[in-house]
Amino acid sequence: MIDIKNKFRAKADKEAAEIKMLLRENANTPVEEVVVSQLYQGMRGITSIVSEVSLLDPMDGIKFRGYSIPELQEKLPKAEGGTEPLPEGLFYLMLIGELPTQEDVKAISKSLAERSDIPAHVFKTIDALPISAHPMTQFVTGIMALQTESLFAKAYSEGINKKDYWDPIFEDAINLIARLPYIAAYVYNRKYKNGASLKSDKSLDWAANFALLLGYTEIDFLKLMRLYMTIHADHEGGNVSAHATHLVGSALSDPYLSFAAGMNGLAGPLHGLANQEVIKWIFEMLKTLGTDAPSKEQIAQYAKDTLAAGKVIPGYGHGVLRNTDPRFLAQKEFAESNMPDDKLVQTVWNIFEVVPEILAATGKVKNPWPNVDAHSGALLVHFGMKEYEFYTVLFGVSRSLGVMANMCWSRALGFALERPKSITTNAIKAWLNEGAKKGEL
Ligand code: CMX
């Protein structure tokens, strides 16, 4: 791991010098115009964050350091006999900006396994919550309890030089990624498996060991976890979980505090919680219709009823994407190879055939196509994981890879405290009137 850390430092030094040059000549070059509606509509489309690790194209979907999901599936190292990329490889790619070798990935897997011990107080803190607490609440509570281990917080309190921030941030980031599967699995076993003790095999890769911790040993589930942990890792910097982590980190809050903030955002139903909402919506539909294989006509009517009740159809739509999410398609391909006859999976595909047209017909939904959350639950149910309230925790474990790689970069590049300007409606009105008087608007 020390080689990877040194490589990261060298890359970051080079990039910091390039950014300095870029700013010397372009500090005051305008980027784009902001219009009034963007201030009221979630800042949609305003370019205001630099995140080096991934970039989202509205039509082509996410690219990690320039590589699309199908390219990652082809080019990233795989486990022996595995078909899916190892998420450790994606972490390396996001961190270093180059494709890893099999050896690089092995070094990360080994380092994560070595760093995965968790102090007992973390589990005791989770145990203080009622068993009924949502898994995301239990997960975030565990992350917060683990903050006692932050090397950055300790180094800061001892007066670390700002040039060296990146070092304990890097260590915290790796330690956090190593430990999250254990916290997540503890929550799962506590809530759904009568507190069964965690079984791990530290010789396995990170995602396969996570599957084992959750009590799933089927080889195809291990493959699914590698795919799942890869495709959910990042979605450029502006989505709620990535942005919340980035924002809180900019106050020099340590990786544990920052990541917990991101996870609180992921727990919202318009973001990561949508993966539980999708399966809940489908289960309710099957119950209402009294069938496990609804026709397309039945699905269409149920979707229209959902809209008429003033609710969203979970798993569809996106703040940036304007096409079917390649993460949805990667999961669809996985299902086509591994479980083509599964009735729930077929229902997901039938929903995909009818819902976009219904959403488009509303005339207001900007993207009627499915996002990542529309498919993931059906794959998990296939392997027996029906406890859908847990699904966002899986998303969260994967998301750590992207937001932690990004946090290492932000501190290595010395990014500033984030503090955008807010404005009142009265101030906007006054500004508009002023412009109108001058004949500028
Ligand atoms: N079902 C019903 N209505 C939808 C819709 C959906 N799936 N997607 C968008 N709309 C509605 C919006 O609620 C909005 O309605 P109002 O004008 O009445 O407020 C209108 O269409 C325009 O919205 P938009 O510009 O197309 O979408 P936004 O950028 O505002 O929101 C998102 C994006 C994801 C929140 C929205 O599409 C949605 O609520 N989808 C369902 C929840 C979901 O799947 N979230 C997961 C996203 C992926 C992730 O982060 O994990």
# chains A, B, ... in the order shown; residues from 1 in each chain; ligands from 1

$ residues_near_ligand --ligand "ligand 1" --cutoff "9 Å" --atoms "only C-alpha atoms and all ligand atoms" --output "PyMOL selection string"
chain A and resi 41-42+44+232+235+239-241+266+268-275+277-278+303+306-307+310-321+359+362-374+395

$ residues_around --residues "range 409-422 of chain A" --least-positions-apart "3" --cutoff "6 Å" --atoms "only C-alpha atoms" --output "PDB file with N, CA and C atoms, in the first residue's frame"
ATOM      1  N   ALA A  16      -1.397  19.444  -8.613  1.00  0.00           N
ATOM      2  CA  ALA A  16      -1.479  20.713  -7.867  1.00  0.00           C
ATOM      3  C   ALA A  16      -0.714  21.801  -8.624  1.00  0.00           C
ATOM      4  N   TRP A 166      -3.033  15.625   3.700  1.00  0.00           N
ATOM      5  CA  TRP A 166      -3.420  14.495   2.850  1.00  0.00           C
ATOM      6  C   TRP A 166      -3.026  13.146   3.462  1.00  0.00           C
ATOM      7  N   SER A 250     -14.661  19.806   3.467  1.00  0.00           N
ATOM      8  CA  SER A 250     -13.997  21.087   3.195  1.00  0.00           C
ATOM      9  C   SER A 250     -13.822  21.919   4.469  1.00  0.00           C
ATOM     10  N   ALA A 251     -14.594  21.572   5.511  1.00  0.00           N
ATOM     11  CA  ALA A 251     -14.407  22.249   6.806  1.00  0.00           C
ATOM     12  C   ALA A 251     -13.283  21.580   7.606  1.00  0.00           C
ATOM     13  N   ASN A 406     -12.087  10.806  -3.640  1.00  0.00           N
ATOM     14  CA  ASN A 406     -12.229  12.235  -3.904  1.00  0.00           C
ATOM     15  C   ASN A 406     -11.709  13.082  -2.730  1.00  0.00           C
TER      16      ASN A 406
END

$ residues_around --residues "range 423-425 of chain A" --least-positions-apart "6" --cutoff "12 Å" --atoms "only C-alpha atoms" --output "ChimeraX atom specification"
/A:36-37,39-40,431-432

$ write_last_selection --atoms "C-alpha atoms" --output "compact mmCIF listing (two decimals), in the first residue's frame"
# COMPACT_ATOMS: atom_id res chain seq x y z
CA VAL A 36 -32.62 32.67 -11.76
CA SER A 37 -34.54 29.37 -11.99
CA LEU A 39 -31.31 29.19 -7.70
CA TYR A 40 -34.76 27.81 -6.91
CA TRP A 431 -31.61 43.13 -8.38
CA LEU A 432 -34.18 42.41 -11.13

$ residues_around --residues "Pro85 in chain A" --least-positions-apart "3" --cutoff "6 Å" --atoms "only C-alpha atoms" --output "list of chain:residue names"
A:Gln73, A:Leu76, A:Pro77, A:Lys78

$ closest_residue --among "A:Met225, A:Ile279, A:Val122, A:Val140" --to "Tyr388 in chain A" --atoms "only C-alpha atoms"
A:Ile279

$ select_by_dssp --residues "range 212-370 of chain A" --states "alpha helix (DSSP H)" --output "VMD selection string"
chain A and resid 212 to 213 219 to 231 240 to 250 255 to 266 274 to 289 296 to 308 326 to 338 343 to 361

$ residues_around --residues "Ala242 in chain A" --least-positions-apart "2" --cutoff "12 Å" --atoms "only C-alpha atoms" --output "NGL selection string"
:A and (49-51 or 53-54 or 232-240 or 244-249 or 258-266 or 271-272 or 396 or 398-407)

$ write_last_selection --atoms "C-alpha atoms" --output "JSON list (two decimals), in the first residue's frame"
[["chain", "number", "residue", "atom", "x", "y", "z"],
["A", 49, "ILE", "CA", -17.35, 21.61, -7.81],
["A", 50, "VAL", "CA", -14.10, 20.06, -9.01],
["A", 51, "SER", "CA", -14.06, 16.31, -8.52],
["A", 53, "VAL", "CA", -12.43, 10.88, -9.95],
["A", 54, "SER", "CA", -15.52, 10.58, -12.18],
["A", 232, "HIS", "CA", -22.39, 2.31, -7.10],
["A", 233, "ALA", "CA", -18.99, 3.77, -6.19],
["A", 234, "ASP", "CA", -19.33, 7.28, -7.59],
["A", 235, "HIS", "CA", -21.50, 9.46, -9.83],
["A", 236, "GLU", "CA", -19.39, 12.63, -10.12],
["A", 237, "GLY", "CA", -19.26, 15.25, -7.39],
["A", 238, "GLY", "CA", -22.65, 16.95, -7.31],
["A", 239, "ASN", "CA", -24.98, 14.12, -6.20],
["A", 240, "VAL", "CA", -26.17, 14.45, -2.61],
["A", 244, "ALA", "CA", -22.33, 16.27, 1.30],
["A", 245, "THR", "CA", -19.12, 14.32, 1.97],
["A", 246, "HIS", "CA", -17.12, 16.87, -0.02],
["A", 247, "LEU", "CA", -18.77, 19.88, 1.62],
["A", 248, "VAL", "CA", -18.31, 18.63, 5.18],
["A", 249, "GLY", "CA", -14.75, 17.57, 4.37],
["A", 258, "SER", "CA", -17.64, 13.66, 6.34],
["A", 259, "PHE", "CA", -18.68, 10.21, 5.17],
["A", 260, "ALA", "CA", -21.41, 10.02, 7.84],
["A", 261, "ALA", "CA", -22.79, 13.29, 6.42],
["A", 262, "GLY", "CA", -22.78, 11.78, 2.95],
["A", 263, "MET", "CA", -24.58, 8.69, 4.21],
["A", 264, "ASN", "CA", -27.28, 10.81, 5.82],
["A", 265, "GLY", "CA", -27.88, 12.27, 2.38],
["A", 266, "LEU", "CA", -27.85, 8.85, 0.74],
["A", 271, "HIS", "CA", -31.30, 9.53, -3.63],
["A", 272, "GLY", "CA", -30.01, 6.18, -2.32],
["A", 396, "GLY", "CA", -23.38, 3.30, 1.05],
["A", 398, "SER", "CA", -19.81, 1.08, -2.26],
["A", 399, "ARG", "CA", -20.11, 4.88, -2.29],
["A", 400, "SER", "CA", -17.23, 5.07, 0.20],
["A", 401, "LEU", "CA", -14.82, 4.18, -2.63],
["A", 402, "GLY", "CA", -15.63, 7.23, -4.73],
["A", 403, "VAL", "CA", -16.10, 9.82, -2.03],
["A", 404, "MET", "CA", -13.00, 8.74, -0.12],
["A", 405, "ALA", "CA", -10.84, 8.77, -3.27],
["A", 406, "ASN", "CA", -12.23, 12.24, -3.90],
["A", 407, "MET", "CA", -11.51, 13.37, -0.35]]

$ atom_distance --atom1 "CA of Ala178 in chain A" --atom2 "CA of Glu98 in chain A"
21.7 Å

$ closest_residue --among "A:Ala17, A:Ile174, A:Ala185, A:Ala133" --to "Pro255 in chain A" --atoms "only C-alpha atoms"
A:Ile174

$ residues_around --residues "Lys75 in chain A" --least-positions-apart "4" --cutoff "12 Å" --atoms "only C-alpha atoms" --output "PyMOL selection string"
chain A and resi 67-71+83-86+89-90+93+98-102

$ write_last_selection --atoms "all heavy atoms" --output "compact mmCIF listing (two decimals), in the first residue's frame"
# COMPACT_ATOMS: atom_id res chain seq x y z
N TYR A 67 -13.25 6.03 -18.14
CA TYR A 67 -13.69 4.68 -18.50
C TYR A 67 -15.16 4.47 -18.17
O TYR A 67 -15.59 4.70 -17.03
CB TYR A 67 -12.86 3.62 -17.75
CG TYR A 67 -11.41 3.59 -18.19
CD1 TYR A 67 -10.43 4.25 -17.45
CD2 TYR A 67 -11.03 2.91 -19.34
CE1 TYR A 67 -9.10 4.23 -17.84
CE2 TYR A 67 -9.70 2.89 -19.75
CZ TYR A 67 -8.74 3.55 -19.00
OH TYR A 67 -7.43 3.54 -19.40
N SER A 68 -15.93 4.00 -19.16
CA SER A 68 -17.35 3.71 -18.95
C SER A 68 -17.47 2.39 -18.17
O SER A 68 -16.51 1.64 -18.03
CB SER A 68 -18.04 3.56 -20.29
OG SER A 68 -17.54 2.40 -20.95
N ILE A 69 -18.70 2.08 -17.74
CA ILE A 69 -18.90 0.83 -16.99
C ILE A 69 -18.56 -0.41 -17.84
O ILE A 69 -17.81 -1.27 -17.37
CB ILE A 69 -20.32 0.80 -16.39
CG1 ILE A 69 -20.33 1.80 -15.24
CG2 ILE A 69 -20.71 -0.60 -15.93
CD1 ILE A 69 -21.48 1.82 -14.35
N PRO A 70 -19.03 -0.50 -19.10
CA PRO A 70 -18.61 -1.66 -19.89
C PRO A 70 -17.08 -1.75 -20.04
O PRO A 70 -16.51 -2.84 -20.01
CB PRO A 70 -19.29 -1.44 -21.25
CG PRO A 70 -20.44 -0.54 -20.95
CD PRO A 70 -20.02 0.32 -19.81
N GLU A 71 -16.42 -0.60 -20.16
CA GLU A 71 -14.95 -0.64 -20.28
C GLU A 71 -14.31 -1.13 -18.98
O GLU A 71 -13.35 -1.89 -19.00
CB GLU A 71 -14.41 0.75 -20.64
CG GLU A 71 -14.65 1.09 -22.10
CD GLU A 71 -14.40 2.57 -22.43
OE1 GLU A 71 -14.42 3.43 -21.53
OE2 GLU A 71 -14.24 2.85 -23.62
N THR A 83 -16.05 -13.09 -13.01
CA THR A 83 -16.48 -12.46 -14.25
C THR A 83 -16.59 -10.94 -14.09
O THR A 83 -16.65 -10.20 -15.07
CB THR A 83 -17.87 -12.98 -14.67
OG1 THR A 83 -18.74 -12.85 -13.54
CG2 THR A 83 -17.82 -14.43 -15.12
N GLU A 84 -16.67 -10.48 -12.85
CA GLU A 84 -16.93 -9.06 -12.60
C GLU A 84 -15.68 -8.35 -12.10
O GLU A 84 -14.82 -8.98 -11.48
CB GLU A 84 -18.05 -8.92 -11.55
CG GLU A 84 -19.36 -9.59 -11.96
CD GLU A 84 -19.89 -9.10 -13.31
OE1 GLU A 84 -19.69 -7.92 -13.64
OE2 GLU A 84 -20.49 -9.92 -14.02
N PRO A 85 -15.58 -7.03 -12.35
CA PRO A 85 -14.38 -6.32 -11.89
C PRO A 85 -14.28 -6.28 -10.37
O PRO A 85 -15.31 -6.31 -9.68
CB PRO A 85 -14.58 -4.91 -12.45
CG PRO A 85 -16.01 -4.79 -12.81
CD PRO A 85 -16.54 -6.17 -13.04
N LEU A 86 -13.07 -6.18 -9.87
CA LEU A 86 -12.89 -6.03 -8.42
C LEU A 86 -12.97 -4.54 -8.07
O LEU A 86 -12.26 -3.73 -8.66
CB LEU A 86 -11.54 -6.60 -7.99
CG LEU A 86 -11.46 -8.12 -8.05
CD1 LEU A 86 -10.03 -8.62 -7.92
CD2 LEU A 86 -12.33 -8.73 -6.95
N GLY A 89 -9.98 -2.36 -7.68
CA GLY A 89 -9.36 -1.86 -8.90
C GLY A 89 -9.92 -0.51 -9.29
O GLY A 89 -9.21 0.39 -9.73
N LEU A 90 -11.23 -0.36 -9.11
CA LEU A 90 -11.85 0.93 -9.42
C LEU A 90 -11.35 1.99 -8.44
O LEU A 90 -11.09 3.14 -8.83
CB LEU A 90 -13.39 0.81 -9.34
CG LEU A 90 -14.13 2.13 -9.52
CD1 LEU A 90 -13.84 2.75 -10.87
CD2 LEU A 90 -15.63 1.93 -9.34
N LEU A 93 -8.08 3.08 -9.64
CA LEU A 93 -8.23 3.93 -10.83
C LEU A 93 -8.65 5.35 -10.43
O LEU A 93 -8.12 6.34 -10.93
CB LEU A 93 -9.27 3.30 -11.77
CG LEU A 93 -9.67 4.12 -13.00
CD1 LEU A 93 -8.51 4.26 -13.98
CD2 LEU A 93 -10.85 3.47 -13.72
N GLU A 98 -4.97 5.77 -13.19
CA GLU A 98 -4.50 4.78 -14.19
C GLU A 98 -5.12 3.44 -13.86
O GLU A 98 -5.45 3.17 -12.70
CB GLU A 98 -2.98 4.56 -14.04
CG GLU A 98 -2.12 5.70 -14.38
CD GLU A 98 -0.68 5.46 -13.89
OE1 GLU A 98 -0.33 4.33 -13.50
OE2 GLU A 98 0.06 6.44 -13.90
N LEU A 99 -5.23 2.59 -14.88
CA LEU A 99 -5.73 1.23 -14.61
C LEU A 99 -4.71 0.49 -13.75
O LEU A 99 -3.51 0.59 -13.98
CB LEU A 99 -5.94 0.48 -15.93
CG LEU A 99 -7.15 0.93 -16.76
CD1 LEU A 99 -7.09 0.27 -18.14
CD2 LEU A 99 -8.47 0.61 -16.07
N PRO A 100 -5.20 -0.28 -12.77
CA PRO A 100 -4.27 -1.02 -11.90
C PRO A 100 -3.85 -2.34 -12.53
O PRO A 100 -4.52 -2.86 -13.41
CB PRO A 100 -5.12 -1.29 -10.67
CG PRO A 100 -6.52 -1.38 -11.20
CD PRO A 100 -6.60 -0.44 -12.37
N THR A 101 -2.76 -2.89 -12.03
CA THR A 101 -2.39 -4.26 -12.38
C THR A 101 -3.07 -5.19 -11.36
O THR A 101 -3.59 -4.73 -10.33
CB THR A 101 -0.87 -4.47 -12.26
OG1 THR A 101 -0.52 -4.24 -10.88
CG2 THR A 101 -0.12 -3.51 -13.17
N GLN A 102 -3.01 -6.48 -11.65
CA GLN A 102 -3.55 -7.47 -10.70
C GLN A 102 -2.83 -7.32 -9.35
O GLN A 102 -3.44 -7.43 -8.29
CB GLN A 102 -3.33 -8.87 -11.29
CG GLN A 102 -4.21 -9.95 -10.68
CD GLN A 102 -5.61 -10.01 -11.28
OE1 GLN A 102 -5.77 -9.79 -12.47
NE2 GLN A 102 -6.61 -10.28 -10.47

$ atom_distance --atom1 "CA of Gln298 in chain A" --atom2 "CA of Gly384 in chain A"
25.9 Å

$ residues_around --residues "Asp164 in chain A" --least-positions-apart "5" --cutoff "12 Å" --atoms "only C-alpha atoms" --output "NGL selection string"
:A and (9 or 13 or 152 or 155-156 or 159 or 169-171 or 408 or 411-414)

$ write_last_selection --atoms "all heavy atoms" --output "short mmCIF file (atom, residue, chain, number, x, y, z; two decimals), in the first residue's frame"
data_model
loop_
_atom_site.label_atom_id
_atom_site.label_comp_id
_atom_site.auth_asym_id
_atom_site.auth_seq_id
_atom_site.Cartn_x
_atom_site.Cartn_y
_atom_site.Cartn_z
N ARG A 9 0.76 10.50 -4.02
CA ARG A 9 1.40 11.78 -3.65
C ARG A 9 2.06 12.43 -4.86
O ARG A 9 1.91 13.63 -5.12
CB ARG A 9 2.42 11.51 -2.53
CG ARG A 9 3.18 12.72 -2.02
CD ARG A 9 2.29 13.70 -1.30
NE ARG A 9 2.05 14.91 -2.07
CZ ARG A 9 1.27 15.90 -1.67
NH1 ARG A 9 0.63 15.83 -0.52
NH2 ARG A 9 1.09 16.96 -2.41
N ASP A 13 0.94 15.97 -6.48
CA ASP A 13 1.89 17.10 -6.56
C ASP A 13 1.90 17.68 -7.97
O ASP A 13 1.87 18.89 -8.16
CB ASP A 13 3.31 16.63 -6.22
CG ASP A 13 3.52 16.53 -4.71
OD1 ASP A 13 2.66 17.05 -3.97
OD2 ASP A 13 4.51 15.91 -4.29
N PHE A 152 -6.59 11.73 11.25
CA PHE A 152 -6.54 13.13 10.85
C PHE A 152 -6.96 14.03 12.02
O PHE A 152 -6.30 15.04 12.32
CB PHE A 152 -7.44 13.41 9.64
CG PHE A 152 -7.46 14.87 9.28
CD1 PHE A 152 -6.38 15.43 8.62
CD2 PHE A 152 -8.53 15.68 9.63
CE1 PHE A 152 -6.37 16.80 8.31
CE2 PHE A 152 -8.52 17.04 9.34
CZ PHE A 152 -7.44 17.60 8.67
N ALA A 155 -4.12 14.16 14.41
CA ALA A 155 -3.00 14.94 13.87
C ALA A 155 -3.33 16.44 13.88
O ALA A 155 -2.49 17.27 14.20
CB ALA A 155 -2.68 14.48 12.45
N TYR A 156 -4.58 16.77 13.56
CA TYR A 156 -4.96 18.20 13.53
C TYR A 156 -4.86 18.78 14.94
O TYR A 156 -4.34 19.89 15.14
CB TYR A 156 -6.37 18.40 12.95
CG TYR A 156 -6.62 19.84 12.64
CD1 TYR A 156 -6.24 20.37 11.40
CD2 TYR A 156 -7.16 20.71 13.59
CE1 TYR A 156 -6.42 21.71 11.11
CE2 TYR A 156 -7.34 22.06 13.32
CZ TYR A 156 -6.96 22.55 12.08
OH TYR A 156 -7.13 23.89 11.79
N GLY A 159 -1.54 19.72 15.83
CA GLY A 159 -0.91 20.85 15.11
C GLY A 159 -0.23 20.48 13.80
O GLY A 159 0.82 21.05 13.46
N ILE A 169 -5.42 11.85 6.12
CA ILE A 169 -6.71 11.70 5.41
C ILE A 169 -6.67 10.41 4.60
O ILE A 169 -7.62 9.61 4.59
CB ILE A 169 -6.97 12.92 4.48
CG1 ILE A 169 -7.27 14.17 5.30
CG2 ILE A 169 -8.07 12.63 3.45
CD1 ILE A 169 -8.67 14.31 5.85
N PHE A 170 -5.56 10.18 3.90
CA PHE A 170 -5.38 8.96 3.10
C PHE A 170 -5.52 7.73 4.01
O PHE A 170 -6.25 6.79 3.69
CB PHE A 170 -3.99 9.01 2.44
CG PHE A 170 -3.73 7.88 1.48
CD1 PHE A 170 -3.91 8.06 0.12
CD2 PHE A 170 -3.29 6.64 1.93
CE1 PHE A 170 -3.65 7.02 -0.79
CE2 PHE A 170 -3.04 5.60 1.04
CZ PHE A 170 -3.22 5.79 -0.32
N GLU A 171 -4.84 7.75 5.13
CA GLU A 171 -4.88 6.60 6.06
C GLU A 171 -6.30 6.39 6.58
O GLU A 171 -6.80 5.25 6.64
CB GLU A 171 -3.92 6.81 7.23
CG GLU A 171 -2.46 6.87 6.85
CD GLU A 171 -1.96 5.56 6.22
OE1 GLU A 171 -2.46 4.48 6.59
OE2 GLU A 171 -1.08 5.63 5.33
N CYS A 408 -9.34 12.29 -0.63
CA CYS A 408 -7.87 12.27 -0.66
C CYS A 408 -7.38 13.35 -1.63
O CYS A 408 -6.46 14.12 -1.33
CB CYS A 408 -7.36 10.90 -1.11
SG CYS A 408 -7.65 9.60 0.09
N ARG A 411 -7.95 17.08 -0.30
CA ARG A 411 -6.99 17.56 0.70
C ARG A 411 -5.59 17.65 0.11
O ARG A 411 -4.81 18.54 0.45
CB ARG A 411 -7.00 16.63 1.93
CG ARG A 411 -8.29 16.62 2.74
CD ARG A 411 -8.65 17.93 3.46
NE ARG A 411 -9.20 18.96 2.61
CZ ARG A 411 -10.45 18.97 2.14
NH1 ARG A 411 -11.29 18.04 2.48
NH2 ARG A 411 -10.87 19.95 1.35
N ALA A 412 -5.25 16.72 -0.80
CA ALA A 412 -3.91 16.78 -1.41
C ALA A 412 -3.77 18.02 -2.28
O ALA A 412 -2.68 18.58 -2.42
CB ALA A 412 -3.66 15.52 -2.22
N LEU A 413 -4.89 18.46 -2.87
CA LEU A 413 -4.84 19.65 -3.74
C LEU A 413 -5.10 20.93 -2.94
O LEU A 413 -5.13 22.02 -3.50
CB LEU A 413 -5.86 19.51 -4.88
CG LEU A 413 -5.60 18.36 -5.86
CD1 LEU A 413 -6.72 18.27 -6.89
CD2 LEU A 413 -4.25 18.52 -6.56
N GLY A 414 -5.33 20.78 -1.65
CA GLY A 414 -5.52 21.96 -0.80
C GLY A 414 -6.79 22.73 -1.10
O GLY A 414 -6.83 23.96 -1.00
#

$ closest_residue --among "A:Gln38, A:Ser376, A:Ser111, A:Leu257" --to "Ala145 in chain A" --atoms "only C-alpha atoms"
A:Leu257

$ closest_residue --among "A:Tyr302, A:Tyr186, A:Phe210, A:Phe328" --to "Val355 in chain A" --atoms "only C-alpha atoms"
A:Tyr302
